[in-house]
file work_25.cif (mmCIF, C-alpha atoms and all ligand atoms)
data_run
loop_
_atom_site.label_atom_id
_atom_site.label_comp_id
_atom_site.auth_asym_id
_atom_site.auth_seq_id
_atom_site.Cartn_x
_atom_site.Cartn_y
_atom_site.Cartn_z
CA MET G 1 -90.37 34.77 -45.90
CA ILE G 2 -88.37 31.69 -44.93
CA ASN G 3 -87.78 32.16 -41.23
CA LEU G 4 -84.56 30.54 -40.04
CA TYR G 5 -84.04 33.16 -37.35
CA SER G 6 -85.02 30.89 -34.48
CA ASP G 7 -87.10 27.86 -33.56
CA THR G 8 -89.05 30.27 -31.35
CA SER G 9 -90.64 31.53 -34.59
CA THR G 10 -93.04 28.58 -34.84
CA ARG G 11 -96.78 29.28 -34.82
CA PRO G 12 -99.23 26.90 -33.19
CA THR G 13 -100.76 24.56 -35.77
CA ALA G 14 -104.51 24.36 -36.32
CA ALA G 15 -104.67 21.09 -34.38
CA MET G 16 -102.69 22.58 -31.48
CA ARG G 17 -105.00 25.60 -31.41
CA GLU G 18 -107.98 23.26 -31.32
CA ALA G 19 -106.52 21.39 -28.34
CA MET G 20 -105.95 24.73 -26.63
CA ALA G 21 -109.45 26.00 -27.35
CA SER G 22 -111.09 22.97 -25.80
CA ALA G 23 -108.82 22.73 -22.72
CA GLU G 24 -110.32 22.26 -19.28
CA VAL G 25 -109.05 25.08 -17.07
CA GLY G 26 -108.90 26.21 -13.44
CA ASP G 27 -106.88 28.51 -11.21
CA GLU G 28 -103.23 27.63 -11.82
CA GLN G 29 -102.03 29.85 -9.00
CA LYS G 30 -103.94 27.69 -6.56
CA GLY G 31 -102.73 24.47 -8.20
CA GLN G 32 -106.26 23.84 -9.51
CA ASP G 33 -105.83 23.88 -13.26
CA PRO G 34 -106.41 20.28 -14.37
CA THR G 35 -104.65 20.69 -17.72
CA VAL G 36 -101.56 22.26 -16.15
CA ASN G 37 -101.54 19.49 -13.54
CA ARG G 38 -101.74 16.86 -16.26
CA LEU G 39 -98.82 18.50 -18.10
CA LEU G 40 -96.76 18.60 -14.90
CA GLY G 41 -97.33 14.89 -14.35
CA MET G 42 -96.29 14.14 -17.92
CA VAL G 43 -93.09 16.21 -17.70
CA ALA G 44 -92.14 14.86 -14.26
CA ASP G 45 -92.45 11.33 -15.71
CA LEU G 46 -90.57 12.24 -18.87
CA LEU G 47 -87.69 13.71 -16.86
CA GLY G 48 -87.78 11.15 -14.04
CA LYS G 49 -88.27 13.79 -11.33
CA GLU G 50 -90.64 13.88 -8.33
CA ALA G 51 -92.30 17.19 -9.08
CA ALA G 52 -92.62 19.92 -11.69
CA LEU G 53 -93.63 23.56 -12.01
CA PHE G 54 -95.28 25.33 -14.95
CA LEU G 55 -93.62 28.64 -15.84
CA PRO G 56 -94.22 31.24 -18.54
CA SER G 57 -90.72 31.05 -20.02
CA GLY G 58 -87.41 29.27 -20.04
CA THR G 59 -85.74 32.41 -18.79
CA MET G 60 -87.86 32.22 -15.65
CA CYS G 61 -86.88 28.55 -15.23
CA ASN G 62 -83.22 29.57 -15.12
CA LEU G 63 -83.92 32.58 -12.92
CA ILE G 64 -85.82 30.45 -10.40
CA GLY G 65 -83.47 27.48 -10.74
CA VAL G 66 -80.46 29.60 -9.80
CA LYS G 67 -82.36 31.41 -7.04
CA THR G 68 -83.59 28.17 -5.46
CA HIS G 69 -80.17 26.51 -5.45
CA THR G 70 -78.02 29.43 -4.23
CA GLN G 71 -77.46 32.08 -1.57
CA PRO G 72 -76.32 35.65 -2.32
CA GLY G 73 -72.54 35.94 -2.49
CA GLU G 74 -72.04 32.44 -3.80
CA ALA G 75 -70.77 31.52 -7.27
CA ILE G 76 -72.31 29.50 -10.04
CA LEU G 77 -70.27 27.73 -12.70
CA ALA G 78 -71.49 28.03 -16.26
CA HIS G 79 -69.98 27.83 -19.72
CA ARG G 80 -68.80 31.21 -20.98
CA GLN G 81 -71.28 31.01 -23.86
CA GLY G 82 -74.15 29.85 -21.66
CA HIS G 83 -77.60 31.32 -22.14
CA VAL G 84 -77.86 31.97 -18.39
CA LEU G 85 -74.83 34.21 -18.70
CA ARG G 86 -75.23 35.77 -22.16
CA SER G 87 -78.92 36.21 -22.76
CA GLU G 88 -80.79 36.69 -19.51
CA THR G 89 -80.07 40.34 -18.73
CA GLY G 90 -77.78 39.46 -15.84
CA GLY G 91 -80.76 38.01 -13.96
CA ALA G 92 -78.65 35.55 -11.98
CA ALA G 93 -76.56 38.43 -10.62
CA LEU G 94 -79.48 40.77 -10.06
CA VAL G 95 -81.96 38.37 -8.52
CA SER G 96 -79.73 35.80 -6.85
CA GLY G 97 -76.68 37.93 -6.07
CA VAL G 98 -74.31 35.30 -7.42
CA ILE G 99 -71.19 35.72 -9.49
CA VAL G 100 -70.82 33.55 -12.56
CA ASP G 101 -67.52 31.74 -12.93
CA GLN G 102 -67.11 31.07 -16.63
CA LEU G 103 -66.01 27.65 -17.78
CA PRO G 104 -64.06 27.20 -21.02
CA GLY G 105 -64.69 24.51 -23.60
CA LYS G 106 -65.44 23.96 -27.25
CA ARG G 107 -68.99 24.24 -28.53
CA GLY G 108 -70.54 24.91 -25.13
CA LEU G 109 -69.20 21.75 -23.50
CA PHE G 110 -66.69 21.56 -20.67
CA THR G 111 -65.01 18.62 -18.99
CA ALA G 112 -64.79 17.21 -15.48
CA GLN G 113 -61.25 18.61 -15.46
CA ASP G 114 -62.56 22.12 -16.24
CA VAL G 115 -65.06 21.88 -13.38
CA ARG G 116 -62.43 20.60 -10.95
CA ALA G 117 -60.10 23.45 -11.93
CA ALA G 118 -62.85 26.00 -11.23
CA ILE G 119 -63.60 24.79 -7.71
CA PRO G 120 -61.52 26.79 -5.22
CA SER G 121 -60.13 25.46 -1.97
CA PRO G 122 -62.21 26.70 0.95
CA SER G 123 -60.99 30.16 1.87
CA PRO G 124 -62.43 33.27 3.51
CA TYR G 125 -61.57 35.24 0.35
CA VAL G 126 -63.35 33.38 -2.42
CA ALA G 127 -66.98 33.11 -3.40
CA GLN G 128 -67.87 29.46 -2.87
CA PRO G 129 -69.61 27.85 -5.83
CA SER G 130 -72.91 26.16 -5.05
CA LEU G 131 -74.30 25.38 -8.50
CA LEU G 132 -73.12 24.01 -11.82
CA CYS G 133 -75.22 24.92 -14.89
CA VAL G 134 -75.24 22.82 -18.05
CA GLU G 135 -77.13 23.53 -21.26
CA GLN G 136 -78.56 20.65 -23.30
CA THR G 137 -78.40 21.19 -26.25
CA HIS G 138 -75.97 24.09 -26.16
CA ASN G 139 -77.45 26.99 -28.11
CA PHE G 140 -74.47 29.27 -28.87
CA GLY G 141 -72.19 26.24 -28.97
CA GLY G 142 -74.12 25.23 -32.10
CA GLY G 143 -76.98 23.00 -30.91
CA THR G 144 -74.34 20.78 -29.34
CA VAL G 145 -75.42 17.57 -27.61
CA TRP G 146 -73.78 16.81 -24.27
CA PRO G 147 -72.59 13.20 -24.39
CA LEU G 148 -74.20 11.37 -21.45
CA ALA G 149 -70.86 10.15 -20.02
CA GLN G 150 -69.40 13.67 -20.08
CA LEU G 151 -72.51 15.05 -18.40
CA GLN G 152 -72.28 12.37 -15.74
CA ALA G 153 -68.59 13.14 -15.23
CA VAL G 154 -69.08 16.90 -14.71
CA SER G 155 -72.01 16.21 -12.41
CA ASP G 156 -69.92 13.76 -10.35
CA VAL G 157 -67.24 16.40 -9.75
CA ALA G 158 -69.85 19.02 -8.86
CA ARG G 159 -71.64 16.78 -6.39
CA GLU G 160 -68.37 15.61 -4.86
CA HIS G 161 -67.80 19.27 -3.92
CA GLY G 162 -71.33 19.91 -2.71
CA LEU G 163 -72.59 21.76 -5.79
CA ALA G 164 -76.07 21.19 -7.14
CA VAL G 165 -76.47 20.67 -10.90
CA HIS G 166 -79.04 22.57 -12.97
CA MET G 167 -79.79 21.69 -16.58
CA ASP G 168 -81.07 24.34 -18.97
CA GLY G 169 -82.88 21.85 -21.19
CA ALA G 170 -84.50 24.40 -23.49
CA ARG G 171 -83.74 21.95 -26.32
CA LEU G 172 -83.28 18.75 -24.32
CA MET G 173 -85.78 16.95 -26.56
CA ASN G 174 -83.60 17.71 -29.58
CA ALA G 175 -80.76 15.85 -27.84
CA VAL G 176 -83.12 12.97 -27.04
CA VAL G 177 -84.26 12.64 -30.65
CA ALA G 178 -80.73 13.04 -32.02
CA THR G 179 -79.24 10.30 -29.82
CA GLY G 180 -82.13 8.03 -28.81
CA ILE G 181 -81.10 8.50 -25.16
CA ALA G 182 -84.13 9.00 -22.91
CA ALA G 183 -84.76 12.43 -21.36
CA HIS G 184 -84.69 10.95 -17.84
CA GLU G 185 -81.19 9.58 -18.50
CA TYR G 186 -79.92 13.07 -19.32
CA ALA G 187 -81.85 14.46 -16.35
CA LYS G 188 -80.54 11.92 -13.82
CA PRO G 189 -77.18 13.64 -13.14
CA CYS G 190 -79.05 16.93 -12.59
CA ASP G 191 -80.91 18.17 -9.50
CA SER G 192 -83.14 20.41 -11.58
CA VAL G 193 -83.95 20.40 -15.26
CA TRP G 194 -86.42 22.18 -17.49
CA ILE G 195 -87.73 21.97 -21.02
CA ASP G 196 -89.05 24.76 -23.19
CA PHE G 197 -92.23 24.37 -25.23
CA THR G 198 -91.65 27.43 -27.39
CA LYS G 199 -88.56 26.19 -29.22
CA GLY G 200 -88.71 23.20 -31.55
CA LEU G 201 -91.78 21.82 -29.78
CA GLY G 202 -93.81 24.59 -31.36
CA ALA G 203 -96.13 25.76 -28.57
CA PRO G 204 -96.85 29.49 -28.19
CA LEU G 205 -95.57 29.68 -24.61
CA GLY G 206 -94.68 27.69 -21.55
CA ALA G 207 -91.77 25.89 -19.93
CA VAL G 208 -91.68 23.28 -17.17
CA LEU G 209 -89.05 23.08 -14.44
CA ALA G 210 -88.64 19.74 -12.65
CA GLY G 211 -86.79 18.46 -9.58
CA SER G 212 -87.32 16.99 -6.14
CA THR G 213 -90.51 17.75 -4.22
CA SER G 214 -88.66 20.03 -1.80
CA PHE G 215 -86.89 21.87 -4.65
CA ILE G 216 -90.18 22.49 -6.43
CA GLN G 217 -91.91 23.64 -3.22
CA LYS G 218 -89.22 26.27 -2.77
CA ALA G 219 -89.25 27.17 -6.47
CA ARG G 220 -93.00 27.67 -6.33
CA ARG G 221 -92.59 30.48 -3.80
CA TYR G 222 -90.18 32.26 -6.18
CA LYS G 223 -92.57 31.72 -9.08
CA HIS G 224 -95.17 33.63 -7.11
CA LEU G 225 -92.68 36.27 -5.99
CA PHE G 226 -91.54 36.93 -9.58
CA GLY G 227 -95.10 37.25 -10.84
CA GLY G 228 -95.05 33.93 -12.66
CA ALA G 229 -98.14 32.47 -10.98
CA LEU G 230 -100.96 32.27 -13.50
CA ARG G 231 -104.70 31.76 -13.64
CA GLN G 232 -106.42 29.74 -16.40
CA ALA G 233 -103.09 28.57 -17.79
CA GLY G 234 -104.61 25.30 -19.01
CA ILE G 235 -105.23 27.06 -22.32
CA VAL G 236 -101.50 27.21 -22.96
CA ALA G 237 -100.65 23.99 -21.11
CA ALA G 238 -102.92 22.18 -23.58
CA GLY G 239 -100.63 23.42 -26.37
CA CYS G 240 -97.66 22.00 -24.45
CA ILE G 241 -99.39 18.63 -24.00
CA TYR G 242 -100.21 18.61 -27.70
CA ALA G 243 -96.52 19.29 -28.42
CA LEU G 244 -95.39 16.41 -26.19
CA GLU G 245 -97.78 14.07 -27.97
CA HIS G 246 -97.18 15.18 -31.56
CA HIS G 247 -94.04 17.26 -32.00
CA ILE G 248 -91.19 15.27 -30.51
CA GLU G 249 -90.39 12.63 -33.12
CA ARG G 250 -90.67 15.18 -35.90
CA LEU G 251 -87.65 17.06 -34.45
CA GLN G 252 -85.68 14.59 -36.57
CA ASP G 253 -86.99 16.44 -39.65
CA ASP G 254 -85.49 19.66 -38.26
CA HIS G 255 -82.15 17.91 -37.71
CA ASN G 256 -82.19 16.53 -41.26
CA ASN G 257 -83.04 19.98 -42.60
CA ALA G 258 -80.23 21.57 -40.59
CA LYS G 259 -77.74 19.07 -42.08
CA LEU G 260 -79.07 19.78 -45.56
CA LEU G 261 -78.75 23.52 -44.94
CA ALA G 262 -75.20 23.16 -43.64
CA GLU G 263 -74.19 21.02 -46.62
CA GLY G 264 -75.65 23.56 -49.04
CA LEU G 265 -74.08 26.53 -47.30
CA SER G 266 -70.67 24.90 -47.02
CA SER G 267 -70.34 24.75 -50.81
CA ILE G 268 -71.02 28.49 -51.23
CA PRO G 269 -67.82 30.51 -51.79
CA GLY G 270 -67.05 32.85 -48.88
CA ILE G 271 -68.99 30.86 -46.29
CA LYS G 272 -67.13 29.08 -43.54
CA MET G 273 -69.12 26.63 -41.45
CA ASP G 274 -68.66 26.66 -37.69
CA GLY G 275 -68.60 23.14 -36.33
CA PRO G 276 -70.58 20.00 -37.12
CA ILE G 277 -74.38 19.85 -36.95
CA ASP G 278 -75.65 17.86 -33.96
CA THR G 279 -79.27 19.04 -34.03
CA ASN G 280 -81.19 22.00 -35.49
CA ILE G 281 -78.74 24.90 -35.14
CA VAL G 282 -76.31 26.00 -37.86
CA PHE G 283 -73.58 28.60 -37.30
CA PHE G 284 -71.38 30.02 -40.04
CA ASP G 285 -69.13 32.92 -40.84
CA THR G 286 -69.03 35.24 -43.87
CA THR G 287 -66.34 37.62 -42.65
CA ALA G 288 -63.55 35.87 -44.58
CA ALA G 289 -65.36 37.01 -47.75
CA GLY G 290 -65.38 40.57 -46.41
CA VAL G 291 -69.12 40.38 -45.67
CA PRO G 292 -70.01 41.61 -42.17
CA PRO G 293 -72.77 39.57 -40.46
CA ASN G 294 -75.24 42.47 -40.28
CA HIS G 295 -74.84 43.17 -44.04
CA PHE G 296 -75.38 39.52 -44.81
CA VAL G 297 -78.46 39.27 -42.61
CA SER G 298 -80.14 42.36 -44.04
CA ALA G 299 -79.32 41.33 -47.63
CA ILE G 300 -80.84 37.87 -47.27
CA LYS G 301 -83.85 39.33 -45.48
CA GLN G 302 -84.55 41.51 -48.51
CA ALA G 303 -84.33 38.38 -50.62
CA GLY G 304 -86.77 36.48 -48.38
CA VAL G 305 -84.71 34.59 -45.80
CA GLU G 306 -84.33 35.48 -42.14
CA MET G 307 -81.28 34.46 -40.07
CA GLY G 308 -79.66 36.00 -37.00
CA ALA G 309 -76.32 37.81 -36.65
CA MET G 310 -74.70 36.75 -33.38
CA GLY G 311 -71.39 38.47 -32.81
CA LYS G 312 -69.16 37.58 -35.75
CA ARG G 313 -71.27 34.60 -36.71
CA ILE G 314 -74.61 33.97 -38.41
CA ARG G 315 -77.09 31.56 -36.85
CA ALA G 316 -79.78 29.65 -38.74
CA VAL G 317 -82.24 27.41 -36.91
CA THR G 318 -84.59 24.86 -38.47
CA HIS G 319 -88.05 24.18 -37.04
CA LEU G 320 -91.64 23.11 -37.56
CA ASP G 321 -92.50 25.97 -39.93
CA VAL G 322 -89.60 25.31 -42.32
CA ASN G 323 -89.62 22.34 -44.69
CA ARG G 324 -87.06 20.78 -47.01
CA GLN G 325 -88.13 22.91 -49.99
CA ASP G 326 -87.76 26.06 -47.89
CA VAL G 327 -84.24 25.02 -46.95
CA GLU G 328 -83.32 24.31 -50.58
CA GLN G 329 -84.71 27.71 -51.57
CA ALA G 330 -82.84 29.40 -48.71
CA ILE G 331 -79.56 27.87 -49.93
CA ASP G 332 -80.20 29.23 -53.45
CA ILE G 333 -80.97 32.68 -52.10
CA VAL G 334 -77.86 32.75 -49.90
CA ASN G 335 -75.81 31.63 -52.89
CA GLN G 336 -77.07 34.55 -55.01
CA VAL G 337 -76.71 37.06 -52.19
CA MET G 338 -73.13 35.99 -51.44
CA ALA G 339 -72.24 36.24 -55.13
CA ASN G 340 -73.58 39.82 -55.19
CA LEU G 341 -72.06 40.89 -51.88
CA SER G 342 -68.63 39.49 -52.71
CA LYS G 343 -68.62 41.47 -55.99
CA GLN G 344 -69.15 44.77 -54.18
C1 LIG G 401 -84.42 30.16 -25.48
C2 LIG G 401 -83.51 29.71 -24.43
C3 LIG G 401 -83.73 30.06 -23.10
C4 LIG G 401 -84.84 30.99 -22.67
O1 LIG G 401 -86.10 30.46 -22.96
P1 LIG G 401 -87.34 31.44 -23.19
O2 LIG G 401 -88.51 30.51 -23.16
O3 LIG G 401 -87.13 32.09 -24.52
O4 LIG G 401 -87.36 32.43 -22.08
C5 LIG G 401 -82.86 29.58 -22.15
N1 LIG G 401 -81.83 28.78 -22.49
C6 LIG G 401 -81.59 28.42 -23.75
C7 LIG G 401 -80.45 27.53 -24.05
C8 LIG G 401 -82.41 28.88 -24.78
O5 LIG G 401 -82.14 28.56 -26.04
#
call {"tool": "encode", "arguments": {"input": "work_25.cif", "output": "structure tokens"}}
result
Amino acid sequence: MINLYSDTSTRPTAAMREAMASAEVGDEQKGQDPTVNRLLGMVADLLGKEAALFLPSGTMCNLIGVKTHTQPGEAILAHRQGHVLRSETGGAALVSGVIVDQLPGKRGLFTAQDVRAAIPSPSPYVAQPSLLCVEQTHNFGGGTVWPLAQLQAVSDVAREHGLAVHMDGARLMNAVVATGIAAHEYAKPCDSVWIDFTKGLGAPLGAVLAGSTSFIQKARRYKHLFGGALRQAGIVAAGCIYALEHHIERLQDDHNNAKLLAEGLSSIPGIKMDGPIDTNIVFFDTTAAGVPPNHFVSAIKQAGVEMGAMGKRIRAVTHLDVNRQDVEQAIDIVNQVMANLSKQ
């Protein structure tokens, strides 16, 4: 099976498992796990922040990020296709009691103008926004990279109006590798930022949220409250450290493979590509050929390729466990399947 469903599909490599097996451990909940502490130092440096917090998942980073920055009854601004809005079970509403004001914009990006337009004049009737969320890279936008100047511009408007800025950096390192811009540069316009180790970085679990010392102190209380405090977490943190040391530069391979995949798919009759390829995510559409996404996905799965149906579109994601040959084979399989499905 060629798994292009998600970059969360990666399995830890033998070398990563070895690093995990030999990790020094302690009680993470008490702040005494040496491997977790080493990871936190590395990520804080990488992102140019004072402090960091180890969490089980990216979803919990967003949940705690929103909770720490807001009060119930306030609003947060996020792109209408944002993960925090579309894929986190309404956690921001449930746990933080905030409403989400949805920003427009192509491919998951919005402009300073969009943010300005969404900020209401002070009034007793409106929910006042206190947080702006940005997603780097933007998942449902198509692995889109936020240009640094645009990020800076939206952050400037937010801060001018007293909003904090939170970056969902699940795939921040993909943006870093794609552009050569350092992670701390992208993190600078943001008060909090996190990276996920279970996406392209290839670790089995773990995410790290970073920010100021006072932000992280507050966030740590919510981590405990939400049941995210751990014990001998060094076992998994060692996988994350291994990923930082060995799996960042190779993200370029995933980007090259995604471009190759998109080129191959774009020449198949009935397939319409959705936007350019910035990083490792490819979206396309088969509905013009009369092939519904769920039919397409189950047909290619039978033929040995996994992709995801997301609304009207299909998503394919390249990662550590998919090489160039796999991508070439996947293109051939999709070609055959589309020929068969279009005949029906
Ligand atoms: C995957 C993802 C998350 C959630 O991360 P998990 O570690 O799967 O909980 C949040 N935001 C974005 C953009 C993601 O792609």
call {"tool": "residues_around", "arguments": {"input": "work_25.cif", "residues": "Ile216 in chain G", "least_positions_apart": "3", "cutoff": "7 Å", "atoms": "all atoms listed in the file", "output": "PyMOL selection string"}}
result
chain G and resi 51-53+210-213+219-220
call {"tool": "residues_around", "arguments": {"input": "work_25.cif", "residues": "range 249-264 of chain G", "least_positions_apart": "6", "cutoff": "6 Å", "atoms": "all atoms listed in the file", "output": "list in words"}}
result
Thr279, Asn280, Thr318, His319 and Ile331 of chain G
call {"tool": "residues_around", "arguments": {"input": "work_25.cif", "residues": "Ala243 in chain G", "least_positions_apart": "4", "cutoff": "8 Å", "atoms": "all atoms listed in the file", "output": "MDAnalysis selection string"}}
result
chainID G and resid 16 197 201:203 239 247:248
call {"tool": "write_last_selection", "arguments": {"input": "work_25.cif", "atoms": "C-alpha atoms", "output": "CSV table (one decimal), in the coordinates of the input"}}
result
chain,number,residue,atom,x,y,z
G,16,MET,CA,-102.7,22.6,-31.5
G,197,PHE,CA,-92.2,24.4,-25.2
G,201,LEU,CA,-91.8,21.8,-29.8
G,202,GLY,CA,-93.8,24.6,-31.4
G,203,ALA,CA,-96.1,25.8,-28.6
G,239,GLY,CA,-100.6,23.4,-26.4
G,247,HIS,CA,-94.0,17.3,-32.0
G,248,ILE,CA,-91.2,15.3,-30.5
call {"tool": "closest_residue", "arguments": {"input": "work_25.cif", "among": "G:Arg116, G:Lys49, G:Lys199, G:His69", "to": "ligand LIG 401 (chain G)", "atoms": "only C-alpha atoms and all ligand atoms"}}
result
G:Lys199
call {"tool": "atom_distance", "arguments": {"input": "work_25.cif", "atom1": "CA of Glu88 in chain G", "atom2": "CA of Ala127 in chain G"}}
result
21.5 Å
call {"tool": "residues_near_ligand", "arguments": {"input": "work_25.cif", "ligand": "ligand LIG 401 (chain G)", "cutoff": "9 Å", "atoms": "only C-alpha atoms and all ligand atoms", "output": "number ranges by chain"}}
result
G: 7-8, 56-62, 82-84, 87-88, 135-140, 143, 168-171, 195-199, 205-207
call {"tool": "decode", "arguments": {"input": "work_25.cif", "residues": "range 37-65 of chain G", "atoms": "N, CA and C atoms", "output": "compact mmCIF listing (two decimals), in the first residue's frame"}}
result
# COMPACT_ATOMS: atom_id res chain seq x y z
N ASN G 37 13.17 17.77 28.93
CA ASN G 37 13.73 19.11 29.18
C ASN G 37 14.73 19.50 28.09
N ARG G 38 15.49 18.52 27.61
CA ARG G 38 16.43 18.81 26.54
C ARG G 38 15.67 19.21 25.27
N LEU G 39 14.61 18.47 24.98
CA LEU G 39 13.79 18.79 23.79
C LEU G 39 13.21 20.20 23.91
N LEU G 40 12.72 20.54 25.09
CA LEU G 40 12.10 21.87 25.27
C LEU G 40 13.12 22.98 25.03
N GLY G 41 14.34 22.76 25.51
CA GLY G 41 15.41 23.74 25.26
C GLY G 41 15.70 23.88 23.77
N MET G 42 15.74 22.75 23.08
CA MET G 42 16.02 22.77 21.64
C MET G 42 14.92 23.52 20.89
N VAL G 43 13.65 23.24 21.24
CA VAL G 43 12.54 23.87 20.50
C VAL G 43 12.44 25.36 20.84
N ALA G 44 12.65 25.70 22.11
CA ALA G 44 12.62 27.13 22.48
C ALA G 44 13.68 27.89 21.67
N ASP G 45 14.87 27.31 21.55
CA ASP G 45 15.94 27.94 20.75
C ASP G 45 15.54 28.05 19.28
N LEU G 46 15.04 26.94 18.76
CA LEU G 46 14.65 26.89 17.35
C LEU G 46 13.63 27.98 17.03
N LEU G 47 12.67 28.17 17.96
CA LEU G 47 11.58 29.11 17.70
C LEU G 47 11.83 30.50 18.28
N GLY G 48 12.96 30.66 18.95
CA GLY G 48 13.32 31.97 19.51
C GLY G 48 12.38 32.43 20.60
N LYS G 49 11.90 31.48 21.41
CA LYS G 49 10.98 31.82 22.52
C LYS G 49 11.64 31.50 23.86
N GLU G 50 11.12 32.12 24.93
CA GLU G 50 11.72 31.95 26.26
C GLU G 50 11.51 30.55 26.82
N ALA G 51 10.33 30.00 26.56
CA ALA G 51 9.98 28.75 27.24
C ALA G 51 9.15 27.86 26.33
N ALA G 52 9.05 26.59 26.69
CA ALA G 52 8.30 25.64 25.87
C ALA G 52 7.66 24.58 26.76
N LEU G 53 6.67 23.91 26.18
CA LEU G 53 5.88 22.92 26.93
C LEU G 53 5.66 21.70 26.04
N PHE G 54 5.94 20.52 26.58
CA PHE G 54 5.74 19.28 25.82
C PHE G 54 4.29 18.84 25.96
N LEU G 55 3.64 18.55 24.84
CA LEU G 55 2.24 18.13 24.87
C LEU G 55 2.06 16.88 23.99
N PRO G 56 1.03 16.10 24.29
CA PRO G 56 0.82 14.86 23.55
C PRO G 56 0.45 15.08 22.09
N SER G 57 -0.20 16.19 21.76
CA SER G 57 -0.68 16.36 20.39
C SER G 57 -0.74 17.83 20.00
N GLY G 58 -0.81 18.04 18.70
CA GLY G 58 -0.98 19.39 18.19
C GLY G 58 -2.34 19.95 18.56
N THR G 59 -3.34 19.09 18.57
CA THR G 59 -4.68 19.54 18.94
C THR G 59 -4.66 20.14 20.34
N MET G 60 -3.93 19.51 21.25
CA MET G 60 -3.86 20.05 22.61
C MET G 60 -3.08 21.38 22.63
N CYS G 61 -2.12 21.54 21.73
CA CYS G 61 -1.41 22.83 21.64
C CYS G 61 -2.39 23.94 21.27
N ASN G 62 -3.26 23.68 20.30
CA ASN G 62 -4.24 24.70 19.93
C ASN G 62 -5.24 24.93 21.05
N LEU G 63 -5.70 23.84 21.65
CA LEU G 63 -6.69 23.94 22.73
C LEU G 63 -6.15 24.80 23.86
N ILE G 64 -4.91 24.52 24.26
CA ILE G 64 -4.29 25.25 25.37
C ILE G 64 -3.88 26.66 24.93
N GLY G 65 -3.43 26.78 23.70
CA GLY G 65 -3.05 28.10 23.20
C GLY G 65 -4.23 29.05 23.25
